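Trainee: Quick one: this structure, given as structure tokens, is what I'll be asking you about.
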Amino acid sequence: MSEKEAVALNNQGRIRLENRKRIMDAAEKVFAENGFRGSTTASIAQQAGLPKANIHYYFGTKEELYRTVVDEIVELWLSSFREITAEDDPASTLADYIRAKMELSKNRPEASRVFANELIRGAPRIKPYLSGDLKAWVEKKSAVLDTWIEQGKMAPVDSKRLIFHIWAMTQTWADFEIQWASVLGREEGVLLDEDFEQATNSIITTVLRNCGLIPLPERLNNGIC
């Protein structure tokens, strides 16, 4: 392969990646606003600023694109809870996870809304995943939490429900942003950074107090987003 051919191939690869990202970003926004049934490949292409044919070239069907978007969202959420072990500090670990989830709610609200819309409709396209991979992930994380409880590092709680409660408390700031913005007097209907910061601290305090882990730990990182 000549140098010219290699450059051309690299450019094709870069363009392909850029186009896929543009489509994924557009699809996340359109699916969040209209749900799966109310969204069309034409509206996604318009949002992405690309020909409709590109949607089918890169993803085949609307169903395949939707599943790819949901898969990325789930992977993003699950990776925000880093690998944990029985040797980790419960307070810092839970606080960091809450901060990471709130960063996602602030920076990727449409992602949370796509997932919420899917669940509201009975999860017709991801039900096997919920009872498979997600169930296994929750069991793995809750097993570590149960070990902390057995070691006396935190108060007895239902570890699986604790994880769900963290999801509910963090994702509401994305799913129902307009409600929170109205209650907090944000005239533009958009929450401010300070709203997310205050909410994050409140959730951390609530969770750690419930787990007997007050006082609060110092922040160990700056989030993932």
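Numbering starts fresh at 1 for the residues of each chain in the structure tokens, the chains themselves are lettered A, B, ... in the order given, and ligands are numbered from 1 as they appear.
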As a PDB file with N, CA, C and O atoms, in the first residue's frame, please: the residues near stretch 14-20 of chain A (cut-off 9 Å, only C-alpha atoms, same-chain neighbours under 5 positions excluded).
Mentor:
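The file below, around21.pdb, is the result:
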ATOM      1  N   LEU A   9      -7.054   5.856   3.297  1.00  0.00           N
ATOM      2  CA  LEU A   9      -7.734   4.879   4.142  1.00  0.00           C
ATOM      3  C   LEU A   9      -7.944   5.416   5.552  1.00  0.00           C
ATOM      4  O   LEU A   9      -9.015   5.236   6.147  1.00  0.00           O
ATOM      5  N   ASP A  25     -25.177  10.742  18.466  1.00  0.00           N
ATOM      6  CA  ASP A  25     -25.557  11.922  19.256  1.00  0.00           C
ATOM      7  C   ASP A  25     -26.945  12.411  18.853  1.00  0.00           C
ATOM      8  O   ASP A  25     -27.775  12.760  19.708  1.00  0.00           O
ATOM      9  N   ALA A  48     -28.633  15.099  12.628  1.00  0.00           N
ATOM     10  CA  ALA A  48     -27.196  14.838  12.461  1.00  0.00           C
ATOM     11  C   ALA A  48     -26.590  15.665  11.337  1.00  0.00           C
ATOM     12  O   ALA A  48     -25.361  15.782  11.251  1.00  0.00           O
ATOM     13  N   LEU A  50     -26.863  14.856   8.127  1.00  0.00           N
ATOM     14  CA  LEU A  50     -26.350  13.884   7.177  1.00  0.00           C
ATOM     15  C   LEU A  50     -27.491  13.333   6.337  1.00  0.00           C
ATOM     16  O   LEU A  50     -28.661  13.384   6.751  1.00  0.00           O
ATOM     17  N   ASN A  54     -27.163   7.572   5.101  1.00  0.00           N
ATOM     18  CA  ASN A  54     -26.056   7.292   6.021  1.00  0.00           C
ATOM     19  C   ASN A  54     -26.518   6.508   7.244  1.00  0.00           C
ATOM     20  O   ASN A  54     -25.769   5.697   7.792  1.00  0.00           O
ATOM     21  N   ILE A  55     -27.747   6.770   7.698  1.00  0.00           N
ATOM     22  CA  ILE A  55     -28.271   6.051   8.848  1.00  0.00           C
ATOM     23  C   ILE A  55     -28.304   4.563   8.542  1.00  0.00           C
ATOM     24  O   ILE A  55     -27.841   3.735   9.338  1.00  0.00           O
ATOM     25  N   TYR A  58     -24.670   2.923   8.078  1.00  0.00           N
ATOM     26  CA  TYR A  58     -23.901   2.660   9.293  1.00  0.00           C
ATOM     27  C   TYR A  58     -24.624   1.752  10.287  1.00  0.00           C
ATOM     28  O   TYR A  58     -23.978   1.018  11.042  1.00  0.00           O
ATOM     29  N   PHE A  59     -25.941   1.788  10.319  1.00  0.00           N
ATOM     30  CA  PHE A  59     -26.664   1.062  11.371  1.00  0.00           C
ATOM     31  C   PHE A  59     -27.751   0.115  10.851  1.00  0.00           C
ATOM     32  O   PHE A  59     -28.328  -0.631  11.645  1.00  0.00           O
TER      33      PHE A  59
END
Trainee: If you run DSSP over the backbone, which residues in stretch 128-218 of chain A end up alpha helix (DSSP H)? Put them as number ranges by chain.
Mentor: A: 128-129, 135-150, 159-175, 177-183, 193-210
Trainee: I want to know what sits within 12 Å of A:Pro124, based on only C-alpha atoms, with residues of the same chain fewer than 5 positions away left out; could you give that as a PyMOL selection string?
Mentor: chain A and resi 36-37+63+67+115+117-119+129-130
Trainee: Using only C-alpha atoms, which of A:Ser182, A:Thr85, A:Ser105, A:Ser131 sits nearest A:Val144?
Mentor: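 Among the listed residues, A:Thr85 lies closest to A:Val144.
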Trainee: Which residue, A:Ala27, A:Ile44, A:Val114, A:Ala181, has the smallest gap to A:Asp193 when you use only C-alpha atoms?
Mentor: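 Closest to A:Asp193 of all the choices is A:Ala181.
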